[in-house]
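File shown: upload.cif. Contents: mmCIF, C-alpha atoms (C1' of nucleotides).
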data_coords
#
loop_
_atom_site.label_atom_id
_atom_site.label_comp_id
_atom_site.auth_asym_id
_atom_site.auth_seq_id
_atom_site.Cartn_x
_atom_site.Cartn_y
_atom_site.Cartn_z
CA MET A 225 -4.95 14.91 44.09
CA ASP A 226 -3.46 17.31 41.60
CA THR A 227 -3.15 16.32 38.00
CA PHE A 228 -2.19 18.24 34.94
CA LEU A 229 -4.58 17.39 32.20
CA ASN A 230 -2.71 19.11 29.42
CA ASN A 231 0.25 21.34 28.71
CA GLU A 232 -1.74 24.48 28.13
CA GLU A 233 -3.58 24.81 31.38
CA PRO A 234 -2.87 23.13 34.70
CA PHE A 235 -6.18 21.82 35.96
CA GLN A 236 -6.88 20.60 39.44
CA ILE A 237 -9.16 17.61 39.59
CA ARG A 238 -11.32 16.54 42.51
CA LEU A 239 -11.96 12.83 42.34
CA LYS A 240 -15.40 11.60 43.25
CA SER A 241 -15.59 9.88 46.65
CA LYS A 242 -16.45 6.28 47.46
CA GLU A 243 -19.73 7.54 48.94
CA PHE A 244 -20.61 9.18 45.64
CA PHE A 245 -20.49 5.83 43.86
CA GLN A 246 -22.53 4.16 46.61
CA GLN A 247 -25.72 6.07 45.77
CA PRO A 248 -28.66 4.06 44.44
CA THR A 249 -27.98 3.19 40.79
CA ILE A 250 -30.70 5.34 39.18
CA GLU A 251 -29.64 8.30 41.28
CA LEU A 252 -25.98 7.74 40.41
CA ALA A 253 -26.81 7.52 36.71
CA LYS A 254 -28.15 11.07 36.93
CA GLN A 255 -25.41 12.34 39.23
CA LEU A 256 -22.74 11.14 36.80
CA LEU A 257 -23.99 13.61 34.21
CA GLY A 258 -21.60 16.54 34.15
CA CYS A 259 -18.79 14.60 35.83
CA LEU A 260 -15.38 14.49 34.17
CA LEU A 261 -14.20 11.12 32.82
CA ILE A 262 -10.42 11.05 32.54
CA LYS A 263 -8.04 8.49 31.02
CA GLU A 264 -4.28 8.60 31.19
CA SER A 265 -2.13 6.57 28.85
CA LEU A 266 1.36 6.52 27.39
CA ASP A 267 0.09 8.71 24.56
CA GLY A 268 -1.18 11.36 26.95
CA VAL A 269 -4.30 12.34 28.87
CA ALA A 270 -7.78 12.85 27.47
CA SER A 271 -11.02 13.69 29.22
CA GLY A 272 -14.60 14.77 28.75
CA TYR A 273 -17.80 15.60 30.60
CA ILE A 274 -20.30 12.77 30.82
CA VAL A 275 -23.50 13.81 29.03
CA GLU A 276 -25.38 10.51 28.61
CA THR A 277 -25.77 7.39 30.79
CA GLU A 278 -27.90 4.26 31.02
CA ALA A 279 -28.70 2.24 34.15
CA TYR A 280 -28.63 -1.57 34.11
CA MET A 281 -30.32 -3.00 37.14
CA GLY A 282 -29.13 -6.59 37.40
CA PRO A 283 -31.26 -9.65 38.29
CA GLU A 284 -34.62 -8.17 37.28
CA ASP A 285 -33.40 -6.32 34.18
CA LYS A 286 -33.57 -8.51 31.11
CA ALA A 287 -31.28 -6.12 29.24
CA ALA A 288 -28.49 -6.47 31.81
CA HIS A 289 -25.61 -8.91 31.47
CA SER A 290 -26.27 -9.84 35.09
CA PHE A 291 -29.94 -10.69 34.44
CA GLN A 292 -31.04 -13.45 36.86
CA ASN A 293 -27.77 -12.98 38.69
CA ARG A 294 -25.81 -14.53 35.85
CA ARG A 295 -22.33 -14.71 37.32
CA THR A 296 -19.44 -15.52 34.99
CA LYS A 297 -15.86 -14.47 34.46
CA ARG A 298 -17.15 -11.53 32.42
CA THR A 299 -19.79 -10.30 34.87
CA GLU A 300 -17.83 -11.01 38.05
CA VAL A 301 -16.79 -7.41 38.64
CA LEU A 302 -20.46 -6.36 38.61
CA PHE A 303 -20.92 -8.23 41.89
CA GLY A 304 -18.20 -6.22 43.60
CA GLU A 305 -17.88 -2.73 45.04
CA ALA A 306 -19.30 0.37 43.38
CA GLY A 307 -16.92 2.68 41.56
CA ILE A 308 -15.12 0.02 39.50
CA ALA A 309 -14.90 -0.11 35.71
CA TYR A 310 -16.82 -2.84 33.86
CA THR A 311 -15.59 -2.98 30.28
CA TYR A 312 -16.74 -5.44 27.66
CA ARG A 313 -16.53 -5.94 23.94
CA MET A 314 -19.50 -5.14 21.71
CA HIS A 315 -18.93 -6.20 18.09
CA THR A 316 -15.69 -4.37 17.29
CA HIS A 317 -15.84 -1.90 20.16
CA CYS A 318 -15.10 -1.66 23.88
CA LEU A 319 -17.85 -0.18 26.10
CA VAL A 320 -17.37 1.12 29.63
CA ASN A 321 -19.68 1.00 32.66
CA VAL A 322 -19.45 2.25 36.23
CA VAL A 323 -20.25 -0.58 38.63
CA SER A 324 -22.85 0.53 41.14
CA GLY A 325 -25.05 -0.91 43.88
CA GLU A 326 -24.00 -2.74 47.01
CA LYS A 327 -21.69 -5.71 47.01
CA GLU A 328 -23.44 -8.78 45.53
CA LYS A 329 -25.89 -6.47 43.70
CA PRO A 330 -24.76 -6.59 40.07
CA GLU A 331 -25.85 -3.15 38.87
CA ALA A 332 -24.00 -0.81 36.53
CA ILE A 333 -24.21 2.39 34.53
CA LEU A 334 -23.16 2.52 30.89
CA ILE A 335 -21.44 5.72 29.84
CA ARG A 336 -22.92 6.47 26.42
CA ALA A 337 -21.48 9.88 25.54
CA ILE A 338 -19.12 12.59 26.75
CA GLU A 339 -18.36 16.16 25.73
CA PRO A 340 -14.65 16.54 24.88
CA PHE A 341 -12.72 18.60 27.43
CA SER A 342 -8.98 17.96 27.21
CA GLY A 343 -6.64 16.01 24.97
CA ILE A 344 -8.69 16.77 21.89
CA PRO A 345 -5.78 16.40 19.42
CA LEU A 346 -5.12 12.96 20.89
CA MET A 347 -8.78 12.04 20.48
CA GLU A 348 -8.70 13.21 16.87
CA THR A 349 -5.76 10.97 16.15
CA ARG A 350 -7.38 7.95 17.79
CA ARG A 351 -10.73 8.53 16.11
CA LYS A 352 -9.26 9.48 12.74
CA THR A 353 -11.53 12.49 12.42
CA THR A 354 -11.38 16.16 13.36
CA VAL A 355 -15.14 16.58 13.52
CA LEU A 356 -15.46 17.57 17.18
CA ARG A 357 -19.04 16.50 17.43
CA ASN A 358 -18.24 13.02 16.16
CA LEU A 359 -15.37 12.34 18.56
CA THR A 360 -17.21 11.02 21.62
CA ASN A 361 -20.95 10.97 20.87
CA GLY A 362 -21.43 7.23 21.37
CA PRO A 363 -20.35 4.50 23.81
CA GLY A 364 -17.90 2.89 21.40
CA LYS A 365 -16.59 6.21 20.16
CA LEU A 366 -15.73 7.65 23.55
CA THR A 367 -13.73 4.62 24.63
CA LYS A 368 -11.71 4.82 21.41
CA ALA A 369 -11.16 8.57 21.86
CA LEU A 370 -10.06 8.22 25.49
CA GLY A 371 -8.05 5.04 24.98
CA ILE A 372 -10.23 2.94 27.29
CA THR A 373 -9.71 -0.78 26.60
CA MET A 374 -10.31 -4.19 28.16
CA ASP A 375 -7.16 -3.54 30.19
CA ASP A 376 -9.30 -1.19 32.26
CA TYR A 377 -11.65 -4.02 33.32
CA GLY A 378 -11.89 -4.05 37.12
CA ARG A 379 -9.96 -0.82 37.67
CA SER A 380 -11.13 1.76 40.21
CA PHE A 381 -12.40 5.12 38.95
CA GLN A 382 -10.71 6.70 41.97
CA GLU A 383 -7.09 6.53 40.83
CA PRO A 384 -5.05 6.70 37.62
CA PRO A 385 -5.15 5.70 34.89
CA ILE A 386 -8.95 5.96 34.74
CA MET A 387 -10.82 8.46 36.87
CA ILE A 388 -14.14 10.19 37.45
CA ALA A 389 -13.93 13.70 38.90
CA GLU A 390 -16.04 16.71 39.70
CA GLY A 391 -17.12 18.56 36.56
CA VAL A 392 -20.02 20.84 35.86
CA LEU A 393 -23.63 20.89 37.05
CA PRO A 394 -26.03 20.13 34.16
CA ASP A 395 -28.78 22.67 33.58
CA GLU A 396 -31.48 20.11 32.91
CA ILE A 397 -31.59 16.32 32.80
CA ALA A 398 -33.83 14.37 30.44
CA SER A 399 -34.73 10.67 30.55
CA GLY A 400 -36.09 8.08 28.15
CA LYS A 401 -35.88 4.50 26.93
CA ARG A 402 -32.52 2.83 26.62
CA ILE A 403 -30.97 2.26 23.22
CA GLY A 404 -30.17 -0.95 21.35
CA ILE A 405 -32.01 -3.44 23.55
CA GLU A 406 -35.05 -4.19 21.40
CA ASN A 407 -34.88 -7.91 22.18
CA SER A 408 -35.12 -7.47 25.94
CA GLY A 409 -38.86 -7.94 26.35
CA GLU A 410 -40.56 -5.52 28.72
CA ALA A 411 -37.17 -4.17 29.84
CA LYS A 412 -36.75 -2.34 26.54
CA ASP A 413 -39.24 0.32 27.66
CA TYR A 414 -37.78 1.14 31.08
CA PRO A 415 -36.88 4.87 31.20
CA TRP A 416 -33.34 4.33 32.40
CA ARG A 417 -31.44 6.44 29.90
CA PHE A 418 -30.41 9.88 31.11
CA TRP A 419 -28.82 12.76 29.25
CA VAL A 420 -28.05 16.45 29.51
CA LYS A 421 -30.93 18.12 27.77
CA GLY A 422 -29.92 19.87 24.57
CA ASN A 423 -26.28 18.78 24.71
CA PRO A 424 -24.91 18.30 21.16
CA TYR A 425 -22.72 15.33 22.11
CA VAL A 426 -25.57 13.02 23.14
CA SER A 427 -25.42 9.87 21.00
CA ARG A 428 -28.90 10.03 19.54
CA HIS A 429 -31.73 12.43 19.85
CA GLN A 430 -34.76 10.57 20.99
CA ARG A 431 -38.07 11.45 22.52
CA GLU A 432 -38.26 11.67 26.29
CA ILE A 433 -40.76 9.65 28.27
"C1'" DG B 182 -16.79 -27.84 19.07
"C1'" DA B 183 -20.86 -25.71 16.73
"C1'" DC B 184 -23.96 -22.34 16.75
"C1'" DC B 185 -26.21 -17.94 17.69
"C1'" DC B 186 -26.14 -13.35 19.22
"C1'" DG B 187 -24.99 -8.71 20.58
"C1'" DA B 188 -25.80 -2.10 25.64
"C1'" DT B 189 -22.02 -0.31 17.97
"C1'" DT B 190 -20.16 2.02 14.19
"C1'" DG B 191 -18.98 3.22 9.43
"C1'" DT B 192 -20.04 2.74 4.72
"C1'" DC B 193 -22.82 2.16 0.91
"C1'" DT B 194 -27.38 2.49 -1.58
"C1'" DG C 293 -32.36 2.07 5.63
"C1'" DA C 294 -29.44 -2.05 5.03
"C1'" DC C 295 -25.51 -4.43 6.17
"C1'" DA C 296 -20.75 -5.93 7.17
"C1'" DA C 297 -17.04 -5.97 10.50
"C1'" DT C 298 -15.36 -9.26 13.96
"C1'" DC C 299 -15.00 -11.85 18.22
"C1'" DG C 300 -16.09 -13.09 22.97
"C1'" DG C 301 -19.83 -14.94 25.74
"C1'" DG C 302 -23.35 -18.15 26.50
"C1'" DT C 303 -25.73 -22.35 25.48
"C1'" DC C 304 -26.14 -26.94 24.15
"C1'" DG C 305 -23.95 -30.98 23.66
#
This structure in structure tokens:
Amino acid sequence: MDTFLNNEEPFQIRLKSKEFFQQPTIELAKQLLGCLLIKESLDGVASGYIVETEAYMGPEDKAAHSFQNRRTKRTEVLFGEAGIAYTYRMHTHCLVNVVSGEKEKPEAILIRAIEPFSGIPLMETRRKTTVLRNLTNGPGKLTKALGITMDDYGRSFQEPPIMIAEGVLPDEIASGKRIGIENSGEAKDYPWRFWVKGNPYVSRHQREI
DNA sequence: GACCCGATTGTCT
DNA sequence: GACAATCGGGTCG
């Protein structure tokens, strides 16, 4: 599919395949690094390279919303096909995940940070700042910058208005403990956070394990 | 219905 | 480092 990301430079995007999303969750969490996350809206298009992810492994992961297979209206989409958007509200912000795993396996990958690529003026307006580094370096910030909302809940990442496409190949991937899940017992120490080593848009700099 | 809590962020000290 | 913002989800009843 051809899409024009901005008015300056036509840019051909190659959407990621269904098979791509069907990889094991931990593997997919790493493979998503470097991919382009794109959101179209009435205001325009904005996109960025994924530079930080976290895997949430479902029934056995105390930090996951689907811990012990908890199945509610909110978590329902987690039990479906891989490659679908799982959005939810965290305090005042909307966070976005990529549903992964087989059907009936409620696993997902939180997108924690992206590196701005296109639609930067639009992101600046939405974020009310022109500090490039502060535009998308956090899970709540990137959704605001891209215009991702609860309306995107359940949408496929393989067609507009929200898409994941081929991007760049990261030089080096680092891993460590996930962030913000201190009350999740032993799960808080699982090394399921992945980021592009040295990338300035990663949400927090933290020691690798 | 009441209560508690949270995969965050921005602001103030 | 502390804390408020702000509201839906989950639990208990």
Expand the PyMOL selection byres ((chain C) within 9 of (chain A)) into the individual residues it matches in the shown file, reporting them as a PyMOL selection string.
chain C and resi 297-301
Can you list, as a PyMOL selection string, the residues that the PyMOL selection byres ((chain B and resi 186) around 10) selects here? (chain B and resi 184-185+187) or (chain C and resi 301-302)
Store the residues picked out above in a file with C-alpha atoms (C1' of nucleotides), as a PDB file, keeping the file's coordinate frame.
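Output file again21.pdb follows:
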ATOM      1  C1'  DC B 184     -23.960 -22.340  16.750  1.00  0.00           C
ATOM      2  C1'  DC B 185     -26.210 -17.940  17.690  1.00  0.00           C
ATOM      3  C1'  DG B 187     -24.990  -8.710  20.580  1.00  0.00           C
TER       4       DG B 187
ATOM      5  C1'  DG C 301     -19.830 -14.940  25.740  1.00  0.00           C
ATOM      6  C1'  DG C 302     -23.350 -18.150  26.500  1.00  0.00           C
TER       7       DG C 302
END
Problem set entry | Output check: residues returned by the PyMOL selection byres ((chain B) within 10 of (chain A)), as a VMD selection string | chain B and resid 187 to 190
Any idea what's packed within 12 Å of DT194 of chain B, counting only C-alpha atoms (C1' of nucleotides), ignoring anything in its chain fewer than 5 positions away? Could you give it as a PyMOL selection string?
chain C and resi 293-295
Include C-alpha atoms (C1' of nucleotides) and write out the residues we just selected as a PDB file, in the frame of the given file.
ATOM      1  C1'  DG C 293     -32.360   2.070   5.630  1.00  0.00           C
ATOM      2  C1'  DA C 294     -29.440  -2.050   5.030  1.00  0.00           C
ATOM      3  C1'  DC C 295     -25.510  -4.430   6.170  1.00  0.00           C
TER       4       DC C 295
END
Any idea what the distance is between atom CA of Glu300 of chain A and atom CA of Ser324 of chain A?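 Between atom CA of Glu300 of chain A and atom CA of Ser324 of chain A the gap works out to 13.0 Å.
Contact shell of segment 256-266 of chain A at 7 Å (only C-alpha atoms (C1' of nucleotides); same-chain neighbours under 6 positions omitted): Gly272, Tyr273, Ile274, Val275, Glu276, Leu370, Gly371, Pro384, Pro385, Ile386, Met387, Ile388, Ala389, Glu390, Gly391, Val392, Leu393, Pro394, Trp419 and Val420 of chain A.
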*Can you list, as number ranges by chain, every protein, DNA or RNA residue that comes within 12 Å of DA183 of chain B when you count all atoms listed in the file, leaving out same-chain residues fewer than 4 positions away?*
C: 303-305
Exercise. Identify the residues within 9 Å of coordinate (-28.0, 10.2, 36.4) (same frame as the file), considering only C-alpha atoms (C1' of nucleotides), and give the answer as a ChimeraX atom specification.
Key: /A:249-257,276-279,333,397,399,416-419
| task | Could you please determine the separation between atom CA of Arg379 of chain A and atom CA of Leu302 of chain A in Å, to one decimal place? | result |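 It comes out at 11.9 Å.
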Open item on the list: What's the separation between atom CA of Phe381 of chain A and atom CA of Ile344 of chain A, in Å to one decimal place?
Closed with: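 Distance reported for this atom pair: 21.0 Å.
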To box chain B, take all atoms listed in the file, fit an axis-aligned box, add 3 Å on each side, and give centre and edge lengths in Å to one decimal, as JSON.
{"center_x": -22.1, "center_y": -12.3, "center_z": 12.0, "size_x": 16.6, "size_y": 37.1, "size_z": 33.2}
Can we get segment 295-337 of chain A of that structure written down with C-alpha atoms, as an mmCIF file, in the first residue's frame?
data_model
loop_
_atom_site.group_PDB
_atom_site.id
_atom_site.type_symbol
_atom_site.label_atom_id
_atom_site.label_comp_id
_atom_site.auth_asym_id
_atom_site.auth_seq_id
_atom_site.Cartn_x
_atom_site.Cartn_y
_atom_site.Cartn_z
ATOM 1 C CA ARG A 295 -11.528 -11.722 30.902
ATOM 2 C CA THR A 296 -13.657 -8.575 30.966
ATOM 3 C CA LYS A 297 -14.981 -6.015 28.536
ATOM 4 C CA ARG A 298 -11.657 -4.200 28.815
ATOM 5 C CA THR A 299 -9.364 -7.199 28.308
ATOM 6 C CA GLU A 300 -11.510 -8.969 25.715
ATOM 7 C CA VAL A 301 -9.415 -7.909 22.730
ATOM 8 C CA LEU A 302 -6.336 -9.472 24.353
ATOM 9 C CA PHE A 303 -7.899 -12.894 23.805
ATOM 10 C CA GLY A 304 -8.220 -12.321 20.067
ATOM 11 C CA GLU A 305 -5.874 -12.345 17.091
ATOM 12 C CA ALA A 306 -2.382 -10.856 17.157
ATOM 13 C CA GLY A 307 -1.839 -7.510 15.475
ATOM 14 C CA ILE A 308 -4.769 -5.665 17.071
ATOM 15 C CA ALA A 309 -4.551 -2.512 19.179
ATOM 16 C CA TYR A 310 -5.266 -2.753 22.914
ATOM 17 C CA THR A 311 -5.708 0.735 24.308
ATOM 18 C CA TYR A 312 -6.598 1.586 27.878
ATOM 19 C CA ARG A 313 -6.662 4.569 30.156
ATOM 20 C CA MET A 314 -3.948 5.081 32.756
ATOM 21 C CA HIS A 315 -4.681 8.011 35.081
ATOM 22 C CA THR A 316 -5.158 10.836 32.577
ATOM 23 C CA HIS A 317 -3.495 9.118 29.638
ATOM 24 C CA CYS A 318 -4.204 6.554 26.933
ATOM 25 C CA LEU A 319 -1.626 3.760 26.477
ATOM 26 C CA VAL A 320 -1.338 1.503 23.437
ATOM 27 C CA ASN A 321 -0.367 -2.175 23.158
ATOM 28 C CA VAL A 322 0.030 -4.602 20.278
ATOM 29 C CA VAL A 323 -1.971 -7.751 20.972
ATOM 30 C CA SER A 324 0.201 -10.818 20.465
ATOM 31 C CA GLY A 325 0.103 -14.567 21.026
ATOM 32 C CA GLU A 326 -2.344 -17.086 19.630
ATOM 33 C CA LYS A 327 -6.078 -16.736 19.923
ATOM 34 C CA GLU A 328 -7.209 -17.293 23.537
ATOM 35 C CA LYS A 329 -3.689 -16.414 24.749
ATOM 36 C CA PRO A 330 -4.041 -12.920 26.220
ATOM 37 C CA GLU A 331 -0.551 -11.537 25.628
ATOM 38 C CA ALA A 332 0.415 -8.035 24.541
ATOM 39 C CA ILE A 333 3.274 -5.624 24.020
ATOM 40 C CA LEU A 334 3.169 -2.095 25.399
ATOM 41 C CA ILE A 335 4.725 0.534 23.168
ATOM 42 C CA ARG A 336 6.631 2.761 25.585
ATOM 43 C CA ALA A 337 8.502 5.172 23.318
#
